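S.K.: Attaching a single structure in structure tokens format; questions to follow.
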Amino acid sequence: MIATTTPTGGSGSRKTALVVGASRTLGLGLAAEYLRRGWDVIGTVRGSRRTGLHDLLDAAEGRLTVESLEMTEPEQISALRDRVAGRTLDLLFVNAAITRGDIPIGEVPTRMFTEVMITNALSPMRVVESLRPLVAPTGTIGVMSSDQGSITLNTDGGQDLYRASKSALNQLMRSYAARNAQDTRTLLLMDPGWVRTELGGPDADLSVEESIPGVAETIERHRGKPGLHFVDHRGQVVPW
């Protein structure tokens, strides 16, 4: 696997964010937002094809590194950790989710269930566990969740498998936080709102451009607050 990179500025005064899943929509928007804020950004994409993240390279003035990662492959996570081991991260943010349609859970094929759970719940936690040592003690580890992962808010049903995968992600992050209760890092489960993406559909309330600045602001407001927080793009607490 060959990563496509551009040298970073390496300024000790700049913060560094690693955004996993930054090729398009929310992940790409988050990478672009942190570049606008003057951060150094490492963004991952799947495979070697050109993506929207590559389009940011020329304007990034050496502050963007593009890495290849298929995070459902544990050996690729380890390889990424080795490649960026010399850098200290102020933010590690994992953005990854797939859906396979609104199918009642009893009709979901086993292979589909496994695929969604591995992508949406298991793989993000593997990234968190593997890359945590690179995050500064006062840094932030965030994963993209959803209010559809809230058991309390599920009053209408639908999207059974997607909801279950996000609930599983939330539960795994809660277990991770409990295991690392003395950790000084901030842990975030982030609900970006209902956004017009491939997942959210064309009728969603928000554009990426409307959601992402709020996501970044919420991350910033929680900086230096250890423990796990389940919050949305407006900074509001999402019920479990």
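Here, A, B, ... name the chains of the structure tokens in the order displayed, residue numbers run from 1 inside each chain, and ligands are numbered from 1 in the same displayed order.
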Please provide the set of residues having any atom within 8 Å of Leu134 of chain A, restricted to only C-alpha atoms, with same-chain residues fewer than 3 positions apart removed, written as a PDB file with all heavy atoms, in the first residue's frame.

M.R.:
ATOM      1  N   ALA A  85       3.842   7.738  13.332  1.00  0.00           N
ATOM      2  CA  ALA A  85       4.269   7.590  14.725  1.00  0.00           C
ATOM      3  C   ALA A  85       5.104   8.755  15.229  1.00  0.00           C
ATOM      4  O   ALA A  85       5.170   8.997  16.431  1.00  0.00           O
ATOM      5  CB  ALA A  85       5.044   6.287  14.902  1.00  0.00           C
ATOM      6  N   ARG A  87       4.476  11.851  14.912  1.00  0.00           N
ATOM      7  CA  ARG A  87       3.683  13.064  15.070  1.00  0.00           C
ATOM      8  C   ARG A  87       2.771  12.956  16.284  1.00  0.00           C
ATOM      9  O   ARG A  87       2.281  11.878  16.627  1.00  0.00           O
ATOM     10  CB  ARG A  87       2.856  13.326  13.804  1.00  0.00           C
ATOM     11  CG  ARG A  87       3.750  13.357  12.569  1.00  0.00           C
ATOM     12  CD  ARG A  87       3.001  13.681  11.315  1.00  0.00           C
ATOM     13  NE  ARG A  87       2.470  15.025  11.329  1.00  0.00           N
ATOM     14  CZ  ARG A  87       1.844  15.569  10.285  1.00  0.00           C
ATOM     15  NH1 ARG A  87       1.681  14.879   9.177  1.00  0.00           N
ATOM     16  NH2 ARG A  87       1.377  16.801  10.352  1.00  0.00           N
ATOM     17  N   THR A  88       2.536  14.084  16.934  1.00  0.00           N
ATOM     18  CA  THR A  88       1.623  14.142  18.067  1.00  0.00           C
ATOM     19  C   THR A  88       0.310  14.730  17.590  1.00  0.00           C
ATOM     20  O   THR A  88       0.270  15.806  16.983  1.00  0.00           O
ATOM     21  CB  THR A  88       2.198  15.012  19.198  1.00  0.00           C
ATOM     22  OG1 THR A  88       3.419  14.431  19.654  1.00  0.00           O
ATOM     23  CG2 THR A  88       1.218  15.107  20.360  1.00  0.00           C
ATOM     24  N   LEU A  89      -0.772  14.019  17.871  1.00  0.00           N
ATOM     25  CA  LEU A  89      -2.093  14.433  17.412  1.00  0.00           C
ATOM     26  C   LEU A  89      -2.829  15.186  18.511  1.00  0.00           C
ATOM     27  O   LEU A  89      -2.902  14.732  19.651  1.00  0.00           O
ATOM     28  CB  LEU A  89      -2.915  13.211  17.001  1.00  0.00           C
ATOM     29  CG  LEU A  89      -2.287  12.266  15.977  1.00  0.00           C
ATOM     30  CD1 LEU A  89      -3.199  11.067  15.743  1.00  0.00           C
ATOM     31  CD2 LEU A  89      -1.992  12.991  14.674  1.00  0.00           C
ATOM     32  N   LEU A 131      -4.389   3.959  17.682  1.00  0.00           N
ATOM     33  CA  LEU A 131      -3.763   5.267  17.505  1.00  0.00           C
ATOM     34  C   LEU A 131      -3.800   6.139  18.756  1.00  0.00           C
ATOM     35  O   LEU A 131      -3.206   7.211  18.771  1.00  0.00           O
ATOM     36  CB  LEU A 131      -4.410   6.011  16.338  1.00  0.00           C
ATOM     37  CG  LEU A 131      -3.796   5.729  14.957  1.00  0.00           C
ATOM     38  CD1 LEU A 131      -3.943   4.270  14.568  1.00  0.00           C
ATOM     39  CD2 LEU A 131      -4.422   6.610  13.892  1.00  0.00           C
TER      40      LEU A 131
END

S.K.: Near Asp191 of chain A, counting only C-alpha atoms, which residues have an atom at most 10 Å away, once you skip same-chain residues fewer than 4 positions from it, shown as a ChimeraX atom specification?

M.R.: /A:143-149,211,215,230-238

S.K.: How close does segment 54-134 of chain A get to segment 219-227 of chain A? List, as a tab-separated table, each residue of segment 54-134 of chain A within 10 Å, its nearest atom pair and the distance in Å to one decimal, counting only C-alpha atoms.

M.R.:
residue	atom	partner	partner_atom	distance
A:Asp90	CA	A:Arg223	CA	9.5
A:Leu91	CA	A:Ile219	CA	9.0
A:Phe93	CA	A:Ile219	CA	9.9

S.K.: Using only C-alpha atoms, find the one residue out of A:Leu228, A:Ala31, A:Leu53, A:Leu199 that sits nearest to Arg174 of chain A.

M.R.: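 For Arg174 of chain A, the nearest of the given residues is A:Leu228.
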
S.K.: Can you tell me which residues surround Glu210 of chain A at a distance of at most 12 Å, considering only C-alpha atoms, apart from same-chain residues fewer than 6 positions away, and format the answer as a PDB file with N, CA, C and O atoms, in the first residue's frame?

M.R.:
ATOM      1  N   THR A  25     -17.828  14.120   1.677  1.00  0.00           N
ATOM      2  CA  THR A  25     -18.917  14.568   2.558  1.00  0.00           C
ATOM      3  C   THR A  25     -18.404  15.008   3.925  1.00  0.00           C
ATOM      4  O   THR A  25     -17.577  15.893   4.018  1.00  0.00           O
ATOM      5  N   LEU A  26     -18.882  14.377   5.008  1.00  0.00           N
ATOM      6  CA  LEU A  26     -18.587  14.885   6.347  1.00  0.00           C
ATOM      7  C   LEU A  26     -17.105  14.842   6.690  1.00  0.00           C
ATOM      8  O   LEU A  26     -16.559  15.794   7.251  1.00  0.00           O
ATOM      9  N   GLY A  29     -15.356  17.461   4.685  1.00  0.00           N
ATOM     10  CA  GLY A  29     -15.704  18.771   5.233  1.00  0.00           C
ATOM     11  C   GLY A  29     -14.946  19.073   6.508  1.00  0.00           C
ATOM     12  O   GLY A  29     -14.502  20.207   6.727  1.00  0.00           O
ATOM     13  N   LEU A  30     -14.773  18.057   7.358  1.00  0.00           N
ATOM     14  CA  LEU A  30     -14.058  18.273   8.611  1.00  0.00           C
ATOM     15  C   LEU A  30     -12.580  18.546   8.351  1.00  0.00           C
ATOM     16  O   LEU A  30     -11.984  19.435   8.988  1.00  0.00           O
ATOM     17  N   GLU A  33     -12.309  22.039   7.119  1.00  0.00           N
ATOM     18  CA  GLU A  33     -12.561  23.003   8.196  1.00  0.00           C
ATOM     19  C   GLU A  33     -11.315  23.197   9.046  1.00  0.00           C
ATOM     20  O   GLU A  33     -10.959  24.337   9.409  1.00  0.00           O
ATOM     21  N   PRO A 192     -23.674  14.622  13.899  1.00  0.00           N
ATOM     22  CA  PRO A 192     -23.538  15.805  13.040  1.00  0.00           C
ATOM     23  C   PRO A 192     -24.861  16.431  12.643  1.00  0.00           C
ATOM     24  O   PRO A 192     -24.877  17.449  11.945  1.00  0.00           O
ATOM     25  N   GLY A 193     -25.981  15.839  13.092  1.00  0.00           N
ATOM     26  CA  GLY A 193     -27.287  16.266  12.611  1.00  0.00           C
ATOM     27  C   GLY A 193     -27.687  15.465  11.385  1.00  0.00           C
ATOM     28  O   GLY A 193     -26.944  14.616  10.890  1.00  0.00           O
ATOM     29  N   TRP A 194     -28.888  15.754  10.886  1.00  0.00           N
ATOM     30  CA  TRP A 194     -29.383  15.053   9.694  1.00  0.00           C
ATOM     31  C   TRP A 194     -28.853  15.802   8.478  1.00  0.00           C
ATOM     32  O   TRP A 194     -29.328  16.890   8.145  1.00  0.00           O
ATOM     33  N   VAL A 195     -27.840  15.222   7.836  1.00  0.00           N
ATOM     34  CA  VAL A 195     -27.077  15.924   6.808  1.00  0.00           C
ATOM     35  C   VAL A 195     -27.339  15.301   5.440  1.00  0.00           C
ATOM     36  O   VAL A 195     -27.457  14.071   5.316  1.00  0.00           O
ATOM     37  N   ARG A 196     -27.386  16.146   4.428  1.00  0.00           N
ATOM     38  CA  ARG A 196     -27.615  15.692   3.059  1.00  0.00           C
ATOM     39  C   ARG A 196     -26.343  15.033   2.503  1.00  0.00           C
ATOM     40  O   ARG A 196     -25.492  15.681   1.903  1.00  0.00           O
ATOM     41  N   ALA A 204     -32.610  15.656   3.865  1.00  0.00           N
ATOM     42  CA  ALA A 204     -32.079  15.974   5.200  1.00  0.00           C
ATOM     43  C   ALA A 204     -32.079  17.476   5.450  1.00  0.00           C
ATOM     44  O   ALA A 204     -32.106  18.297   4.518  1.00  0.00           O
ATOM     45  N   ALA A 216     -16.978  21.186  14.465  1.00  0.00           N
ATOM     46  CA  ALA A 216     -15.654  21.644  14.882  1.00  0.00           C
ATOM     47  C   ALA A 216     -15.732  22.520  16.130  1.00  0.00           C
ATOM     48  O   ALA A 216     -14.887  22.424  17.029  1.00  0.00           O
ATOM     49  N   HIS A 233     -23.979  18.617  16.753  1.00  0.00           N
ATOM     50  CA  HIS A 233     -23.242  19.714  16.112  1.00  0.00           C
ATOM     51  C   HIS A 233     -23.574  21.074  16.707  1.00  0.00           C
ATOM     52  O   HIS A 233     -22.884  22.048  16.451  1.00  0.00           O
ATOM     53  N   ARG A 234     -24.618  21.147  17.515  1.00  0.00           N
ATOM     54  CA  ARG A 234     -24.975  22.400  18.199  1.00  0.00           C
ATOM     55  C   ARG A 234     -24.400  22.447  19.612  1.00  0.00           C
ATOM     56  O   ARG A 234     -24.603  23.420  20.336  1.00  0.00           O
TER      57      ARG A 234
END

S.K.: Quick one: DSSP strand (DSSP E) residues in segment 17-203 of chain A, as number ranges by chain?

M.R.: A: 17-20, 40-45, 64-68, 89-94, 135-144, 186-191

S.K.: Skipping near chain neighbours, those fewer than 5 positions away, what residues fall within 10 Å of Pro104 of chain A using only C-alpha atoms, listed as number ranges by chain?

M.R.: A: 157-161

S.K.: Could you write those residues out with all heavy atoms, as a CSV table (one decimal), in the first residue's frame?

M.R.:
chain,number,residue,atom,x,y,z
A,157,GLY,N,-38.7,3.8,15.0
A,157,GLY,CA,-38.1,2.6,14.3
A,157,GLY,C,-37.5,2.9,13.0
A,157,GLY,O,-37.3,4.1,12.6
A,158,GLY,N,-37.3,1.9,12.2
A,158,GLY,CA,-36.7,2.1,10.9
A,158,GLY,C,-35.2,2.1,11.0
A,158,GLY,O,-34.6,2.3,12.0
A,159,GLN,N,-34.5,1.8,9.8
A,159,GLN,CA,-33.1,1.8,9.7
A,159,GLN,C,-32.5,0.9,10.8
A,159,GLN,O,-31.5,1.3,11.5
A,159,GLN,CB,-32.5,3.2,9.8
A,159,GLN,CG,-32.9,4.1,8.6
A,159,GLN,CD,-32.2,3.6,7.3
A,159,GLN,OE1,-31.2,2.9,7.3
A,159,GLN,NE2,-32.8,4.1,6.2
A,160,ASP,N,-33.1,-0.3,11.0
A,160,ASP,CA,-32.7,-1.2,12.1
A,160,ASP,C,-31.2,-1.4,12.2
A,160,ASP,O,-30.6,-1.3,13.3
A,160,ASP,CB,-33.5,-2.5,12.0
A,160,ASP,CG,-35.0,-2.4,12.2
A,160,ASP,OD1,-35.4,-1.2,12.5
A,160,ASP,OD2,-35.7,-3.4,12.0
A,161,LEU,N,-30.6,-1.8,11.1
A,161,LEU,CA,-29.2,-2.2,11.2
A,161,LEU,C,-28.3,-1.0,11.4
A,161,LEU,O,-27.4,-1.1,12.2
A,161,LEU,CB,-28.9,-2.9,9.9
A,161,LEU,CG,-27.4,-3.4,9.7
A,161,LEU,CD1,-27.0,-4.3,10.9
A,161,LEU,CD2,-27.2,-4.2,8.4

S.K.: Which neighbours of Ala32 of chain A fall inside 9 Å, counting only C-alpha atoms, when residues of the same chain fewer than 3 positions from it are skipped, and could you give them as a list in words?

M.R.: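 Near neighbours after the sequence-gap exclusion: Gly27, Leu28, Gly29, Leu35, Arg36, Arg37, Val41, Leu53 and Leu56 of chain A.
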
S.K.: Taking only C-alpha atoms into account, name the residue in A:Met71, A:Ile103, A:Met112, A:Ala164 that is nearest to Met125 of chain A.

M.R.: A:Met71

S.K.: What is the atom CA of Thr72 of chain A-atom CA of Ala96 of chain A distance in Å, reported with one decimal?

M.R.: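 About the pair atom CA of Thr72 of chain A and atom CA of Ala96 of chain A: they are 10.4 Å apart.
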
S.K.: Rounded to one decimal, what separation in Å do you get between atom CA of Ser13 of chain A and atom CA of Trp39 of chain A?

M.R.: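 Going from atom CA of Ser13 of chain A over to atom CA of Trp39 of chain A covers 9.4 Å.
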
S.K.: Got a sec to tell me which of segment 143-210 of chain A DSSP assigns to helix (DSSP H, G or I), as a list in words?

M.R.: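 Secondary structure check on segment 143-210 of chain A, helix (DSSP H, G or I): Asp147, Gln148, Gly149, Asp160, Leu161, Tyr162, Arg163, Ala164, Ser165, Lys166, Ser167, Ala168, Leu169, Asn170, Gln171, Leu172, Met173, Arg174, Ser175, Tyr176, Ala177, Ala178, Arg179, Val208, Glu209 and Glu210 of chain A.
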
S.K.: Please produce an output containing N, CA, C and O atoms for each residue in the selection, written as a JSON list (two decimals), in the first residue's frame.

M.R.:
[["chain", "number", "residue", "atom", "x", "y", "z"],
["A", 147, "ASP", "N", -27.66, 10.47, 16.20],
["A", 147, "ASP", "CA", -28.76, 10.34, 17.16],
["A", 147, "ASP", "C", -29.56, 9.07, 16.91],
["A", 147, "ASP", "O", -30.32, 8.62, 17.76],
["A", 148, "GLN", "N", -29.36, 8.44, 15.73],
["A", 148, "GLN", "CA", -30.01, 7.16, 15.48],
["A", 148, "GLN", "C", -29.39, 6.04, 16.30],
["A", 148, "GLN", "O", -29.94, 4.94, 16.38],
["A", 149, "GLY", "N", -28.25, 6.31, 16.93],
["A", 149, "GLY", "CA", -27.67, 5.35, 17.85],
["A", 149, "GLY", "C", -28.24, 5.47, 19.25],
["A", 149, "GLY", "O", -27.90, 4.67, 20.13],
["A", 160, "ASP", "N", -33.07, -0.30, 10.98],
["A", 160, "ASP", "CA", -32.72, -1.15, 12.12],
["A", 160, "ASP", "C", -31.22, -1.43, 12.21],
["A", 160, "ASP", "O", -30.62, -1.31, 13.28],
["A", 161, "LEU", "N", -30.63, -1.83, 11.11],
["A", 161, "LEU", "CA", -29.22, -2.24, 11.15],
["A", 161, "LEU", "C", -28.31, -1.04, 11.39],
["A", 161, "LEU", "O", -27.37, -1.13, 12.19],
["A", 162, "TYR", "N", -28.58, 0.06, 10.71],
["A", 162, "TYR", "CA", -27.75, 1.25, 10.91],
["A", 162, "TYR", "C", -27.85, 1.72, 12.36],
["A", 162, "TYR", "O", -26.84, 2.03, 12.99],
["A", 163, "ARG", "N", -29.07, 1.78, 12.90],
["A", 163, "ARG", "CA", -29.25, 2.19, 14.29],
["A", 163, "ARG", "C", -28.47, 1.26, 15.22],
["A", 163, "ARG", "O", -27.80, 1.72, 16.15],
["A", 164, "ALA", "N", -28.59, -0.03, 14.98],
["A", 164, "ALA", "CA", -27.90, -1.00, 15.84],
["A", 164, "ALA", "C", -26.40, -0.81, 15.80],
["A", 164, "ALA", "O", -25.72, -0.93, 16.82],
["A", 165, "SER", "N", -25.86, -0.52, 14.61],
["A", 165, "SER", "CA", -24.41, -0.35, 14.50],
["A", 165, "SER", "C", -23.94, 0.89, 15.24],
["A", 165, "SER", "O", -22.87, 0.87, 15.88],
["A", 166, "LYS", "N", -24.71, 1.95, 15.20],
["A", 166, "LYS", "CA", -24.32, 3.17, 15.91],
["A", 166, "LYS", "C", -24.52, 3.00, 17.42],
["A", 166, "LYS", "O", -23.74, 3.52, 18.22],
["A", 167, "SER", "N", -25.55, 2.28, 17.83],
["A", 167, "SER", "CA", -25.70, 1.97, 19.25],
["A", 167, "SER", "C", -24.53, 1.12, 19.75],
["A", 167, "SER", "O", -24.02, 1.33, 20.86],
["A", 168, "ALA", "N", -24.11, 0.18, 18.92],
["A", 168, "ALA", "CA", -22.94, -0.65, 19.29],
["A", 168, "ALA", "C", -21.69, 0.20, 19.41],
["A", 168, "ALA", "O", -20.90, 0.04, 20.34],
["A", 169, "LEU", "N", -21.50, 1.14, 18.48],
["A", 169, "LEU", "CA", -20.35, 2.04, 18.56],
["A", 169, "LEU", "C", -20.38, 2.84, 19.85],
["A", 169, "LEU", "O", -19.37, 2.98, 20.55],
["A", 170, "ASN", "N", -21.56, 3.36, 20.19],
["A", 170, "ASN", "CA", -21.69, 4.13, 21.43],
["A", 170, "ASN", "C", -21.35, 3.28, 22.65],
["A", 170, "ASN", "O", -20.65, 3.73, 23.57],
["A", 171, "GLN", "N", -21.85, 2.06, 22.66],
["A", 171, "GLN", "CA", -21.60, 1.18, 23.80],
["A", 171, "GLN", "C", -20.12, 0.84, 23.90],
["A", 171, "GLN", "O", -19.54, 0.82, 25.00],
["A", 172, "LEU", "N", -19.48, 0.58, 22.76],
["A", 172, "LEU", "CA", -18.06, 0.26, 22.77],
["A", 172, "LEU", "C", -17.22, 1.44, 23.24],
["A", 172, "LEU", "O", -16.24, 1.26, 23.97],
["A", 173, "MET", "N", -17.60, 2.65, 22.83],
["A", 173, "MET", "CA", -16.89, 3.83, 23.31],
["A", 173, "MET", "C", -17.09, 4.01, 24.81],
["A", 173, "MET", "O", -16.17, 4.44, 25.53],
["A", 174, "ARG", "N", -18.28, 3.68, 25.29],
["A", 174, "ARG", "CA", -18.52, 3.80, 26.73],
["A", 174, "ARG", "C", -17.68, 2.79, 27.50],
["A", 174, "ARG", "O", -17.12, 3.11, 28.57],
["A", 175, "SER", "N", -17.56, 1.58, 26.97],
["A", 175, "SER", "CA", -16.70, 0.58, 27.62],
["A", 175, "SER", "C", -15.24, 1.03, 27.57],
["A", 175, "SER", "O", -14.50, 0.87, 28.55],
["A", 176, "TYR", "N", -14.83, 1.59, 26.44],
["A", 176, "TYR", "CA", -13.47, 2.09, 26.31],
["A", 176, "TYR", "C", -13.20, 3.18, 27.34],
["A", 176, "TYR", "O", -12.15, 3.19, 27.99],
["A", 177, "ALA", "N", -14.15, 4.11, 27.50],
["A", 177, "ALA", "CA", -13.99, 5.19, 28.47],
["A", 177, "ALA", "C", -13.90, 4.64, 29.89],
["A", 177, "ALA", "O", -13.11, 5.13, 30.71],
["A", 178, "ALA", "N", -14.70, 3.63, 30.19],
["A", 178, "ALA", "CA", -14.68, 3.04, 31.53],
["A", 178, "ALA", "C", -13.34, 2.34, 31.80],
["A", 178, "ALA", "O", -12.80, 2.42, 32.91],
["A", 179, "ARG", "N", -12.81, 1.66, 30.79],
["A", 179, "ARG", "CA", -11.52, 0.99, 30.93],
["A", 179, "ARG", "C", -10.37, 1.96, 31.10],
["A", 179, "ARG", "O", -9.33, 1.63, 31.67],
["A", 208, "VAL", "N", -23.58, 19.73, 4.34],
["A", 208, "VAL", "CA", -22.30, 19.51, 5.00],
["A", 208, "VAL", "C", -21.73, 20.84, 5.52],
["A", 208, "VAL", "O", -21.21, 20.93, 6.63],
["A", 209, "GLU", "N", -21.88, 21.89, 4.70],
["A", 209, "GLU", "CA", -21.35, 23.21, 5.05],
["A", 209, "GLU", "C", -22.06, 23.81, 6.26],
["A", 209, "GLU", "O", -21.48, 24.64, 6.97],
["A", 210, "GLU", "N", -23.29, 23.39, 6.51],
["A", 210, "GLU", "CA", -24.02, 23.88, 7.68],
["A", 210, "GLU", "C", -23.70, 23.06, 8.93],
["A", 210, "GLU", "O", -23.73, 23.58, 10.04]]
